[in-house]
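S.K.: Input file: target.txt. Contents: compact mmCIF, C-alpha atoms and all ligand atoms.
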# COMPACT_ATOMS: atom_id res chain seq x y z
CA MET A 8 -3.64 63.45 2.70
CA SER A 9 -1.24 66.24 1.54
CA LYS A 10 -1.80 67.95 -1.79
CA SER A 11 1.45 66.57 -3.31
CA ALA A 12 0.72 63.00 -2.17
CA ARG A 13 -2.78 63.20 -3.65
CA PHE A 14 -1.29 64.56 -6.88
CA GLY A 15 1.36 61.78 -6.96
CA CYS A 16 -1.28 59.12 -6.48
CA LEU A 17 -3.42 60.67 -9.21
CA CYS A 18 -0.39 60.61 -11.51
CA CYS A 19 0.13 56.85 -10.87
CA THR A 20 -3.47 56.17 -11.70
CA TYR A 21 -3.22 57.89 -15.09
CA ASP A 22 0.33 56.66 -15.95
CA TYR A 23 0.69 54.25 -18.82
CA GLU A 24 3.53 51.74 -18.64
CA THR A 25 4.86 50.11 -21.79
CA PRO A 26 7.89 47.79 -21.99
CA LYS A 27 10.82 48.96 -24.09
CA THR A 28 13.54 46.80 -25.50
CA LEU A 29 16.95 47.26 -23.94
CA VAL A 30 19.72 45.28 -25.59
CA ILE A 31 22.63 44.68 -23.21
CA GLN A 32 25.66 43.42 -25.04
CA SER A 33 27.29 41.53 -22.20
CA THR A 34 28.49 37.93 -22.37
CA LYS A 35 27.97 37.50 -18.63
CA ILE A 36 24.36 38.63 -18.68
CA GLY A 37 23.64 36.77 -21.94
CA CYS A 38 24.97 33.53 -20.44
CA MET A 39 22.90 34.04 -17.30
CA PHE A 40 19.75 34.53 -19.40
CA ARG A 41 20.42 31.38 -21.46
CA LEU A 42 21.15 29.45 -18.25
CA VAL A 43 17.81 30.47 -16.73
CA GLN A 44 16.06 29.54 -20.00
CA PHE A 45 17.88 26.19 -20.00
CA VAL A 46 16.86 25.41 -16.41
CA VAL A 47 13.22 26.24 -17.20
CA LEU A 48 13.35 24.09 -20.36
CA LEU A 49 14.95 21.24 -18.42
CA TYR A 50 12.12 21.41 -15.88
CA VAL A 51 9.42 21.52 -18.57
CA VAL A 52 10.85 18.79 -20.79
CA GLY A 53 12.57 16.58 -18.20
CA TYR A 54 10.23 16.73 -15.23
CA VAL A 55 6.85 17.84 -16.59
CA CYS A 56 6.93 15.86 -19.86
CA VAL A 57 9.23 12.86 -19.28
CA VAL A 58 8.85 12.15 -15.54
CA ARG A 59 5.31 13.37 -14.80
CA LYS A 60 3.97 12.76 -18.33
CA ALA A 61 1.71 15.76 -17.81
CA TYR A 62 0.52 15.57 -21.43
CA GLN A 63 -1.42 12.39 -20.59
CA GLU A 64 -4.98 11.80 -19.45
CA ARG A 65 -5.13 9.46 -16.46
CA ASP A 66 -7.39 6.71 -15.18
CA SER A 67 -7.29 4.61 -11.99
CA VAL A 68 -7.22 0.84 -12.09
CA ILE A 69 -10.31 -1.25 -11.31
CA SER A 70 -9.39 -4.74 -10.24
CA SER A 71 -10.65 -8.14 -9.14
CA VAL A 72 -8.58 -10.87 -7.50
CA THR A 73 -9.01 -14.59 -6.94
CA THR A 74 -6.46 -16.93 -5.42
CA LYS A 75 -5.81 -20.66 -5.23
CA VAL A 76 -3.33 -22.19 -2.80
CA LYS A 77 -1.81 -25.63 -3.29
CA GLY A 78 0.44 -27.87 -1.23
CA PHE A 79 0.46 -30.61 1.40
CA ALA A 80 1.81 -30.87 4.91
CA TYR A 81 2.26 -33.97 7.05
CA THR A 82 2.38 -33.62 10.84
CA ASN A 83 3.35 -36.27 13.34
CA THR A 84 3.82 -34.81 16.80
CA SER A 85 3.31 -35.91 20.38
CA TYR A 86 0.30 -33.59 20.92
CA MET A 87 -1.63 -34.67 17.83
CA GLU A 88 -2.24 -37.82 15.86
CA PRO A 89 -0.35 -38.17 12.55
CA ARG A 90 -2.20 -36.12 10.01
CA LEU A 91 -2.03 -34.98 6.41
CA TRP A 92 -3.12 -31.41 5.75
CA ASP A 93 -4.38 -30.29 2.35
CA VAL A 94 -5.72 -26.99 1.08
CA ALA A 95 -9.24 -27.56 2.48
CA ASP A 96 -7.72 -27.91 5.97
CA TYR A 97 -5.39 -24.94 6.10
CA VAL A 98 -6.97 -22.19 3.93
CA ILE A 99 -9.61 -20.47 6.09
CA PRO A 100 -12.10 -19.44 4.79
CA PRO A 101 -11.81 -21.20 1.41
CA GLN A 102 -12.59 -17.87 -0.35
CA GLY A 103 -11.44 -14.45 0.75
CA GLU A 104 -11.88 -10.95 -0.66
CA ASN A 105 -8.51 -9.76 -1.96
CA SER A 106 -6.82 -11.92 0.67
CA PHE A 107 -6.20 -15.51 1.68
CA TYR A 108 -5.25 -17.02 5.01
CA VAL A 109 -2.94 -19.98 5.50
CA LEU A 110 -2.98 -21.81 8.82
CA THR A 111 0.55 -22.42 10.11
CA ASN A 112 0.22 -23.33 13.77
CA VAL A 113 -2.61 -24.68 15.97
CA ILE A 114 -3.67 -25.48 19.50
CA MET A 115 -6.37 -28.14 19.20
CA THR A 116 -8.87 -29.12 21.90
CA PRO A 117 -10.76 -32.19 20.67
CA LYS A 118 -13.94 -33.86 21.96
CA GLN A 119 -15.55 -30.83 23.58
CA THR A 120 -19.16 -31.13 24.69
CA GLN A 121 -21.53 -28.72 26.43
CA SER A 122 -21.12 -29.56 30.14
CA ARG A 123 -19.73 -28.33 33.46
CA CYS A 124 -16.07 -28.32 34.39
CA PRO A 125 -13.63 -26.52 36.72
CA GLU A 126 -12.22 -23.19 35.42
CA LEU A 127 -8.53 -22.97 34.58
CA PRO A 128 -6.67 -21.76 37.68
CA SER A 129 -5.96 -18.03 37.97
CA PRO A 130 -6.11 -15.52 40.87
CA SER A 131 -9.74 -14.68 39.96
CA THR A 132 -10.95 -18.29 39.53
CA THR A 133 -9.34 -20.18 42.42
CA CYS A 134 -11.66 -20.67 45.41
CA VAL A 135 -11.82 -22.15 48.89
CA ASP A 136 -15.57 -22.80 49.05
CA ASN A 137 -18.81 -21.98 47.22
CA HIS A 138 -18.88 -18.48 48.74
CA ASN A 139 -16.03 -17.47 46.42
CA CYS A 140 -18.04 -18.35 43.28
CA PHE A 141 -21.10 -16.54 41.97
CA GLU A 142 -23.80 -18.27 39.96
CA GLY A 143 -24.24 -16.58 36.56
CA HIS A 144 -20.96 -14.65 36.80
CA ASN A 145 -19.70 -14.12 33.29
CA ASP A 146 -16.12 -12.96 32.77
CA PRO A 147 -15.17 -12.38 29.10
CA ARG A 148 -11.62 -13.38 29.97
CA GLY A 149 -12.82 -16.64 31.56
CA SER A 150 -13.95 -19.88 29.95
CA GLY A 151 -17.69 -19.92 30.61
CA ILE A 152 -20.51 -18.94 32.98
CA GLN A 153 -19.99 -19.78 36.66
CA THR A 154 -22.43 -22.23 38.31
CA GLY A 155 -21.68 -20.96 41.83
CA LEU A 156 -19.86 -24.15 42.91
CA CYS A 157 -16.24 -24.48 43.98
CA VAL A 158 -14.82 -27.80 42.68
CA ASN A 159 -11.50 -29.63 42.49
CA TYR A 160 -9.36 -28.69 39.51
CA SER A 161 -6.53 -30.95 40.69
CA ALA A 162 -5.57 -32.71 43.90
CA THR A 163 -4.28 -29.43 45.36
CA VAL A 164 -6.18 -26.65 43.53
CA GLN A 165 -9.88 -25.75 43.63
CA THR A 166 -11.53 -23.45 41.08
CA CYS A 167 -15.04 -22.19 40.34
CA GLU A 168 -17.11 -24.51 38.16
CA VAL A 169 -18.26 -23.15 34.79
CA LEU A 170 -20.89 -24.10 32.25
CA SER A 171 -18.91 -24.32 29.02
CA TRP A 172 -17.57 -26.48 26.19
CA CYS A 173 -15.56 -29.00 28.23
CA PRO A 174 -12.76 -30.00 28.46
CA LEU A 175 -11.49 -26.41 28.37
CA GLU A 176 -8.70 -25.29 26.10
CA GLU A 177 -5.45 -25.53 28.06
CA HIS A 178 -2.97 -22.66 27.96
CA THR A 179 -0.41 -24.99 26.46
CA LYS A 180 2.83 -23.85 24.93
CA LEU A 181 2.60 -22.98 21.29
CA PRO A 182 4.36 -25.53 19.03
CA LYS A 183 7.75 -24.19 17.93
CA PRO A 184 8.76 -24.69 15.15
CA ALA A 185 5.23 -24.18 13.81
CA LEU A 186 3.15 -27.31 13.27
CA LEU A 187 2.64 -26.55 9.57
CA ASN A 188 6.05 -25.13 8.80
CA ALA A 189 5.80 -27.10 5.55
CA ALA A 190 3.46 -24.26 4.47
CA ALA A 191 6.61 -22.44 3.41
CA ASP A 192 6.58 -24.55 0.26
CA PHE A 193 2.90 -24.07 -0.56
CA THR A 194 2.24 -22.11 -3.74
CA VAL A 195 -0.50 -19.64 -4.59
CA LEU A 196 -1.89 -18.74 -7.97
CA ILE A 197 -3.09 -15.13 -8.10
CA LYS A 198 -5.58 -14.39 -10.85
CA ASN A 199 -5.88 -10.63 -11.10
CA SER A 200 -7.96 -8.94 -13.78
CA ILE A 201 -7.76 -5.18 -14.18
CA THR A 202 -9.39 -2.60 -16.35
CA TYR A 203 -8.82 1.05 -17.23
CA PRO A 204 -12.43 1.93 -18.20
CA LYS A 205 -11.55 5.35 -19.70
CA PHE A 206 -9.16 3.75 -22.21
CA LYS A 207 -11.10 0.47 -22.57
CA VAL A 208 -7.99 -1.51 -21.62
CA ASN A 209 -8.30 -4.93 -19.92
CA ARG A 210 -5.35 -6.98 -18.65
CA ARG A 211 -4.83 -10.11 -16.55
CA SER A 212 -1.98 -11.28 -14.33
CA ILE A 213 -2.03 -14.38 -16.55
CA LEU A 214 -0.54 -12.52 -19.51
CA PRO A 215 -1.51 -13.40 -23.10
CA HIS A 216 1.82 -15.16 -23.75
CA ILE A 217 1.30 -17.54 -20.77
CA ASN A 218 -0.10 -20.92 -21.86
CA SER A 219 -1.42 -23.72 -19.65
CA SER A 220 1.70 -25.86 -19.88
CA TYR A 221 3.86 -22.88 -18.78
CA LEU A 222 1.40 -22.16 -15.92
CA LYS A 223 1.68 -25.78 -14.74
CA LYS A 224 5.41 -25.47 -14.13
CA CYS A 225 6.28 -21.79 -13.66
CA GLU A 226 7.00 -20.02 -10.39
CA PHE A 227 7.53 -16.31 -9.75
CA ASN A 228 11.15 -15.29 -9.69
CA ARG A 229 12.01 -11.60 -9.85
CA SER A 230 14.90 -12.09 -12.26
CA THR A 231 13.98 -15.17 -14.31
CA ASP A 232 10.14 -15.32 -14.17
CA PRO A 233 8.83 -11.90 -13.13
CA TYR A 234 5.40 -12.38 -14.76
CA CYS A 235 4.54 -15.89 -13.53
CA PRO A 236 1.48 -15.44 -11.23
CA ILE A 237 2.35 -18.47 -9.05
CA PHE A 238 4.21 -17.60 -5.84
CA ARG A 239 5.91 -19.80 -3.26
CA LEU A 240 4.90 -18.59 0.22
CA LYS A 241 8.42 -18.62 1.65
CA ASN A 242 9.63 -16.48 -1.26
CA ILE A 243 6.88 -13.94 -0.56
CA ALA A 244 8.06 -13.76 3.05
CA SER A 245 11.73 -13.51 2.13
CA GLU A 246 11.04 -10.76 -0.44
CA ALA A 247 9.23 -8.94 2.37
CA GLY A 248 12.37 -9.28 4.48
CA GLU A 249 10.85 -11.85 6.86
CA ASP A 250 11.64 -15.41 7.84
CA PHE A 251 8.61 -17.61 7.03
CA GLN A 252 9.39 -20.15 9.79
CA ASP A 253 9.54 -17.33 12.36
CA MET A 254 6.28 -15.79 11.20
CA ALA A 255 4.57 -19.18 11.06
CA VAL A 256 4.78 -19.67 14.84
CA LYS A 257 2.56 -16.74 15.87
CA GLY A 258 1.19 -15.64 12.51
CA GLY A 259 1.15 -12.25 10.84
CA ILE A 260 0.04 -10.34 7.78
CA LEU A 261 1.94 -10.06 4.52
CA GLY A 262 1.04 -7.68 1.70
CA ILE A 263 1.32 -8.61 -1.95
CA PHE A 264 1.34 -5.37 -3.96
CA ILE A 265 0.52 -5.45 -7.65
CA ASP A 266 1.37 -2.24 -9.46
CA TRP A 267 -0.35 -1.82 -12.82
CA SER A 268 0.95 1.71 -13.57
CA CYS A 269 1.22 1.80 -17.35
CA ASP A 270 2.06 4.23 -20.12
CA LEU A 271 -0.68 3.22 -22.56
CA ASP A 272 0.81 5.36 -25.35
CA TRP A 273 3.05 2.34 -26.00
CA GLY A 274 0.00 0.07 -26.32
CA ALA A 275 -1.85 -2.07 -23.79
CA HIS A 276 0.30 -5.09 -24.72
CA ARG A 277 3.23 -3.42 -22.96
CA CYS A 278 1.32 -3.07 -19.70
CA PHE A 279 2.70 -5.58 -17.17
CA PRO A 280 2.13 -6.10 -13.44
CA LYS A 281 4.97 -5.31 -11.05
CA TYR A 282 4.96 -7.33 -7.83
CA SER A 283 6.35 -6.28 -4.47
CA PHE A 284 5.93 -7.66 -0.95
CA ARG A 285 5.89 -6.17 2.54
CA ARG A 286 4.92 -7.22 6.07
CA LEU A 287 1.80 -5.28 7.06
CA ASP A 288 1.30 -6.07 10.77
CA SER A 289 3.79 -4.14 12.81
CA LYS A 290 6.61 -6.15 14.30
CA ASN A 291 7.93 -3.99 17.09
CA PRO A 292 11.08 -5.53 18.56
CA VAL A 293 10.93 -3.19 21.59
CA ASN A 294 7.31 -3.81 22.63
CA ASN A 295 6.59 -7.40 21.64
CA VAL A 296 3.28 -7.69 23.53
CA ALA A 297 0.53 -9.62 21.71
CA PRO A 298 2.44 -10.31 18.50
CA GLY A 299 1.11 -12.16 15.45
CA TYR A 300 -2.40 -13.10 14.36
CA ASN A 301 -4.69 -15.79 15.75
CA PHE A 302 -8.37 -16.65 16.08
CA ARG A 303 -10.54 -19.59 17.14
CA PHE A 304 -12.97 -21.73 15.22
CA ALA A 305 -14.53 -25.15 15.74
CA LYS A 306 -15.46 -28.22 13.71
CA TYR A 307 -18.73 -29.75 14.89
CA TYR A 308 -19.86 -33.38 14.72
CA GLN A 309 -22.21 -35.80 16.46
CA THR A 310 -20.94 -38.71 18.56
CA PRO A 311 -22.46 -42.18 17.92
CA ASP A 312 -24.72 -41.61 20.96
CA GLY A 313 -26.14 -38.47 19.31
CA GLN A 314 -24.34 -35.87 21.46
CA GLU A 315 -23.13 -32.69 19.79
CA SER A 316 -19.33 -32.43 20.01
CA ARG A 317 -16.67 -30.24 18.52
CA THR A 318 -12.95 -29.82 18.05
CA LEU A 319 -11.85 -26.32 19.03
CA ILE A 320 -8.97 -24.95 17.01
CA LYS A 321 -6.95 -21.91 18.02
CA ALA A 322 -5.43 -21.04 14.68
CA TYR A 323 -2.23 -19.09 14.08
CA GLY A 324 -1.45 -18.25 10.50
CA ILE A 325 -0.40 -15.78 7.89
CA ARG A 326 -2.92 -13.63 6.08
CA PHE A 327 -1.85 -12.48 2.65
CA ASP A 328 -3.50 -9.22 1.58
CA ILE A 329 -3.40 -8.49 -2.15
CA ILE A 330 -3.32 -4.77 -2.84
CA VAL A 331 -3.75 -3.74 -6.46
CA PHE A 332 -3.00 -0.16 -7.49
CA GLY A 333 -1.83 1.90 -10.44
CA THR A 334 -2.83 4.56 -12.92
CA GLY A 335 -2.92 4.33 -16.69
CA GLY A 336 -1.91 7.31 -18.79
CA LYS A 337 -2.57 8.06 -22.46
CA PHE A 338 -1.90 11.16 -24.59
CA GLY A 339 -4.75 13.68 -24.28
CA ILE A 340 -5.13 16.98 -26.13
CA VAL A 341 -6.65 18.87 -23.15
CA PRO A 342 -3.83 18.18 -20.62
CA THR A 343 -1.31 18.81 -23.42
CA ILE A 344 -2.70 22.31 -24.14
CA ILE A 345 -3.00 23.14 -20.42
CA ASN A 346 0.57 22.07 -19.72
CA LEU A 347 1.94 23.74 -22.87
CA GLY A 348 0.34 26.99 -21.71
CA ALA A 349 1.84 26.55 -18.24
CA ALA A 350 5.25 25.76 -19.75
CA LEU A 351 5.21 28.90 -21.93
CA THR A 352 4.20 31.00 -18.93
CA ILE A 353 7.09 29.60 -16.92
CA LEU A 354 9.43 30.22 -19.88
CA GLY A 355 8.25 33.87 -19.85
CA LEU A 356 9.61 34.12 -16.32
CA ALA A 357 13.23 33.86 -17.55
CA PRO A 358 13.55 37.57 -18.58
CA LYS A 359 11.81 38.62 -15.35
CA VAL A 360 14.34 36.67 -13.27
CA CYS A 361 17.24 38.21 -15.26
CA ASP A 362 15.74 41.72 -14.92
CA TRP A 363 15.45 41.28 -11.20
CA ILE A 364 19.08 40.13 -10.91
CA LEU A 365 20.26 43.02 -13.13
CA LEU A 366 18.35 45.70 -11.27
CA THR A 367 19.03 44.52 -7.72
CA CYS A 368 22.22 42.46 -7.58
CA SER A 369 24.49 43.59 -10.43
CA SER A 370 27.33 46.09 -9.91
CA LYS A 371 25.96 48.29 -12.74
CA LYS A 372 22.42 48.24 -11.45
CA ASP A 373 22.14 52.07 -11.45
CA LEU A 374 23.11 52.28 -15.13
CA TYR A 375 20.63 49.53 -16.03
CA LYS A 376 17.90 51.16 -13.95
CA LYS A 377 18.47 54.51 -15.70
CA ASN A 378 18.16 52.96 -19.14
CA LYS A 379 15.49 50.45 -18.27
CA ILE A 380 12.99 52.87 -16.77
CA THR A 381 12.35 56.17 -18.58
CA HIS A 382 9.75 58.62 -17.34
CA LEU A 383 8.15 60.79 -20.03
CA ASN A 384 5.40 63.38 -19.71
CA ASP A 385 3.39 65.11 -22.39
CA ASP A 386 5.98 67.96 -22.77
CA ASP A 387 8.80 65.41 -23.28
CA THR A 388 6.64 63.71 -25.88
CA GLU A 389 6.17 67.05 -27.77
CA SER A 390 9.91 67.82 -27.72
CA VAL A 391 10.69 64.29 -28.90
CA SER A 392 8.14 64.59 -31.74
CA MET A 393 9.58 68.05 -32.72
CA GLU A 394 13.08 66.56 -32.68
CA THR A 395 11.85 63.80 -34.97
CA THR A 396 10.09 66.26 -37.31
CA TYR A 397 12.71 69.05 -37.59
CA GLY A 398 15.84 67.25 -36.44
CA THR A 399 18.27 68.77 -33.90
CA GLN A 400 20.17 71.86 -34.97
N1 LIG B 501 -1.33 -22.72 -6.16
C1 LIG B 501 -0.98 -23.24 -7.34
N2 LIG B 501 0.27 -23.66 -7.54
C2 LIG B 501 0.64 -24.19 -8.71
N3 LIG B 501 -0.18 -24.34 -9.76
C3 LIG B 501 -1.43 -23.94 -9.61
C4 LIG B 501 -1.90 -23.36 -8.41
N4 LIG B 501 -3.20 -23.07 -8.55
C5 LIG B 501 -3.54 -23.41 -9.80
N5 LIG B 501 -2.49 -23.95 -10.43
C6 LIG B 501 -2.46 -24.45 -11.79
O1 LIG B 501 -2.81 -23.37 -12.66
C7 LIG B 501 -3.66 -23.82 -13.67
C8 LIG B 501 -4.90 -23.00 -13.70
O2 LIG B 501 -5.58 -23.15 -12.48
P1 LIG B 501 -7.18 -23.13 -12.41
O3 LIG B 501 -7.55 -23.05 -10.98
O4 LIG B 501 -7.66 -22.05 -13.29
O5 LIG B 501 -7.59 -24.49 -13.08
P2 LIG B 501 -8.10 -25.88 -12.48
O6 LIG B 501 -8.09 -26.84 -13.59
O7 LIG B 501 -9.36 -25.69 -11.75
O8 LIG B 501 -6.92 -26.22 -11.46
P3 LIG B 501 -6.83 -27.45 -10.45
O9 LIG B 501 -7.95 -28.39 -10.73
O10 LIG B 501 -5.46 -28.04 -10.69
O11 LIG B 501 -6.92 -26.84 -9.10
C9 LIG B 501 -3.88 -25.30 -13.42
O12 LIG B 501 -2.96 -26.02 -14.22
C10 LIG B 501 -3.55 -25.47 -11.98
O13 LIG B 501 -3.09 -26.76 -11.70
Please render this file's structure as structure tokens.
Ligand SMILES: Nc1ncnc2c1ncn2[C@@H]1O[C@H](COP(=O)(O)OP(=O)(O)OP(=O)(O)O)[C@@H](O)[C@H]1O

M.R.:
Amino acid sequence: MSKSARFGCLCCTYDYETPKTLVIQSTKIGCMFRLVQFVVLLYVVGYVCVVRKAYQERDSVISSVTTKVKGFAYTNTSYMEPRLWDVADYVIPPQGENSFYVLTNVIMTPKQTQSRCPELPSPSTTCVDNHNCFEGHNDPRGSGIQTGLCVNYSATVQTCEVLSWCPLEEHTKLPKPALLNAAADFTVLIKNSITYPKFKVNRRSILPHINSSYLKKCEFNRSTDPYCPIFRLKNIASEAGEDFQDMAVKGGILGIFIDWSCDLDWGAHRCFPKYSFRRLDSKNPVNNVAPGYNFRFAKYYQTPDGQESRTLIKAYGIRFDIIVFGTGGKFGIVPTIINLGAALTILGLAPKVCDWILLTCSSKKDLYKKNKITHLNDDDTESVSMETTYGTQ
């Protein structure tokens, strides 16, 4: 390192910088400074305080949900005997965790017993003789375990025999419109209790002003009854932008969102649930392979001769998932002090921004630089102090 560079560096180390006040009497610069201050204030007051409510302490909601569905459907079709359906028939299982499932369409296979029967015809199950079938062969996509025999499925088709619940479920066409399209008019009561433990606030979806006679007749309506916790299923679907009758054919999943975000500074009594609805299973119009939601279950019974039998039900339906979320906020001294400090720091940036504009962008930047930065050494200090003591002659 050269001698002068080392000397310069040494000088920097032992320099002392102190700000001096430079008053620039310029309307343009004054306005710019006030504008920067105004923008910073707008951010602090408008965004930090009003929108983000940064002066509040926060707590996340803890919630529990129970549901009760009501309604009746009557079906009278060619593929099933006339039948009345009530809640015990179509809500499966009777109790769900933060969700409930409503059966809307079915393929029923009654009177099944454990026996042997020919497989449903497909390229892998049709056979010519017993050599094409393998005893014990178990295909998950098939209907049972092969016995090794090739038997008549119909007058013209032979298939491998399987040990299974017979008769097998036929790949029949799905009823359209859905068998239980009357489910559109079923209603569901959602009892949702929430708590903000930090603030000791408890609320229910059945608000304090709701009495039993109101609950017996009310129904959720976004404009007239936004706090009634009883929802008609078709309205849930339509609010989610779906057609209930369409969804009912192959099933699907709908989300019921309950937002409990509350400003508790106004008191817990002003904390209300906000409901919104959305379809949760993806409905891709381009790739419509395997749409909807279905599963199988069976109802078992014994025939008069003591044989175990069952009715197999392939159920299509709509699952309603209830998703509760929200944060509660209440004035807190710690976040207030932290954010006040941050706000003042940001406010202190206003002169820095103006200085930077003055010293780099303005047309008189050289003049400002000359007056803004003054270099003094010890000799200058002595001459200044002598000038102050004796005055200039
Ligand atoms: N899905 C629903 N649609 C319309 N009203 C409902 C529904 N579920 C419950 N209710 C009504 O809301 C009120 C409170 O229901 P809750 O289940 O707490 O009482 P309940 O006496 O056991 O109801 P119920 O015997 O009528 O099923 C009752 O008047 C009930 O009839």

S.K.: Within 10 Å of ligand LIG 501 (chain B), counting all atoms listed in the file: which residues, as an NGL selection string?

M.R.: :A and (73-78 or 94 or 193-198 or 213 or 218-226 or 236-240)

S.K.: So, with only C-alpha atoms as the atoms that count, which of A:Pro128, A:Gly103, A:Gly151, A:Pro298 lies closest to Val256 (chain A)?

M.R.: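 Looking at the shortest contact to Val256 (chain A), the residue is A:Pro298.
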
S.K.: How far is it from CA of Arg210 (chain A) to CA of Ile329 (chain A), in Å with one decimal?

M.R.: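 Going from CA of Arg210 (chain A) over to CA of Ile329 (chain A) covers 16.7 Å.
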
S.K.: Give me the residues within 10 Å of region 306-321 of chain A as a short mmCIF file (atom, residue, chain, number, x, y, z; two decimals) with C-alpha atoms, keeping the file's coordinate frame, counting all atoms listed in the file and dropping any in the same chain fewer than 5 places off.

M.R.:
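Writing done, so here's around_14.cif:
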data_model
loop_
_atom_site.label_atom_id
_atom_site.label_comp_id
_atom_site.auth_asym_id
_atom_site.auth_seq_id
_atom_site.Cartn_x
_atom_site.Cartn_y
_atom_site.Cartn_z
CA ASN A 112 0.22 -23.33 13.77
CA VAL A 113 -2.61 -24.68 15.97
CA ILE A 114 -3.67 -25.48 19.50
CA MET A 115 -6.37 -28.14 19.20
CA THR A 116 -8.87 -29.12 21.90
CA PRO A 117 -10.76 -32.19 20.67
CA LYS A 118 -13.94 -33.86 21.96
CA GLN A 119 -15.55 -30.83 23.58
CA THR A 120 -19.16 -31.13 24.69
CA GLN A 121 -21.53 -28.72 26.43
CA TRP A 172 -17.57 -26.48 26.19
CA CYS A 173 -15.56 -29.00 28.23
CA LEU A 175 -11.49 -26.41 28.37
CA GLU A 176 -8.70 -25.29 26.10
CA ASN A 301 -4.69 -15.79 15.75
#

S.K.: From the options A:Asp288, A:Glu88, A:Glu24, A:Glu126, which residue's atoms come nearest to Gly258 (chain A), counting all atoms listed in the file?

M.R.: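 Among the listed residues, the smallest separation from Gly258 (chain A) belongs to A:Asp288.
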
S.K.: Mind checking which residues fall within 7 Å of Lys241 (chain A), counting only C-alpha atoms, ignoring those fewer than 6 positions away in the same chain, and posting them as a list of chain:residue names?

M.R.: A:Ala191, A:Asp192, A:Phe251

S.K.: I'd like the interatomic distance between CA of Ser106 (chain A) and CA of Asp232 (chain A), to a tenth of an Å.

M.R.: 22.8 Å

S.K.: Rounded to one decimal in Å, what is the spacing between CA of Thr154 (chain A) and CA of Thr132 (chain A)?

M.R.: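 Computing it gives 12.2 Å between the two atoms.
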
S.K.: From the set A:Leu49, A:Val68, A:Ile152, A:Val135, which residue has the shortest atom-to-atom contact distance to Lys207 (chain A), counting all atoms listed in the file?

M.R.: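 Between A:Leu49, A:Val68, A:Ile152, A:Val135, the residue approaching Lys207 (chain A) most closely is A:Val68.
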
S.K.: Skipping near chain neighbours, those fewer than 3 positions away, what residues fall within 7 Å of Ala61 (chain A) using only C-alpha atoms, listed as a ChimeraX atom specification?

M.R.: /A:55-56,342,346

S.K.: Using only C-alpha atoms, which of A:Arg277, A:His178, A:His138, A:Lys183 sits nearest Pro215 (chain A)?

M.R.: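 Of all the options, A:Arg277 lies closest to Pro215 (chain A).
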
S.K.: Give me the residues near Phe327 (chain A) as an mmCIF file with C-alpha atoms, in the frame of the given file, where near means some atom within 6 Å (using all atoms listed in the file) and where sequence neighbours in that chain fewer than 4 positions away do not count.

M.R.:
data_model
loop_
_atom_site.group_PDB
_atom_site.id
_atom_site.type_symbol
_atom_site.label_atom_id
_atom_site.label_comp_id
_atom_site.auth_asym_id
_atom_site.auth_seq_id
_atom_site.Cartn_x
_atom_site.Cartn_y
_atom_site.Cartn_z
ATOM 1 C CA SER A 106 -6.820 -11.920 0.670
ATOM 2 C CA PHE A 107 -6.200 -15.510 1.680
ATOM 3 C CA ILE A 260 0.040 -10.340 7.780
ATOM 4 C CA LEU A 261 1.940 -10.060 4.520
ATOM 5 C CA GLY A 262 1.040 -7.680 1.700
#

S.K.: Would you pick out the contacts of Leu354 (chain A) at 10 Å or less, using all atoms listed in the file, so that residues sharing its chain but fewer than 2 positions from it are not included, and give the list as a list in words?

M.R.: Val43, Gln44, Phe45, Val46, Val47, Leu48, Val51, Gly348, Ala349, Ala350, Leu351, Thr352, Leu356, Ala357, Pro358 and Lys359 of chain A

S.K.: In terms of the shortest atom-to-atom distance over only C-alpha atoms, which of A:Tyr323, A:Phe284, A:Tyr62, A:Tyr375 is closest to Ile99 (chain A)?

M.R.: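 Ranked by minimum distance to Ile99 (chain A), first place goes to A:Tyr323.
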
S.K.: Restricting the calculation to all atoms listed in the file, which member of A:Phe332, A:Tyr86, A:Phe40, A:Tyr50 is positioned closest to Ile353 (chain A)?

M.R.: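 Ranking A:Phe332, A:Tyr86, A:Phe40, A:Tyr50 by distance to Ile353 (chain A), first place goes to A:Tyr50.
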
S.K.: Hey, could you pull the box centre and edge lengths for region 33-49 of chain A, axis-aligned, 4 Å padding per side, all listed atoms, to one decimal in Å, as lines of an AutoDock Vina configuration file?

M.R.:
center_x = 20.9
center_y = 31.4
center_z = -19.4
size_x = 23.3
size_y = 28.3
size_z = 14.0
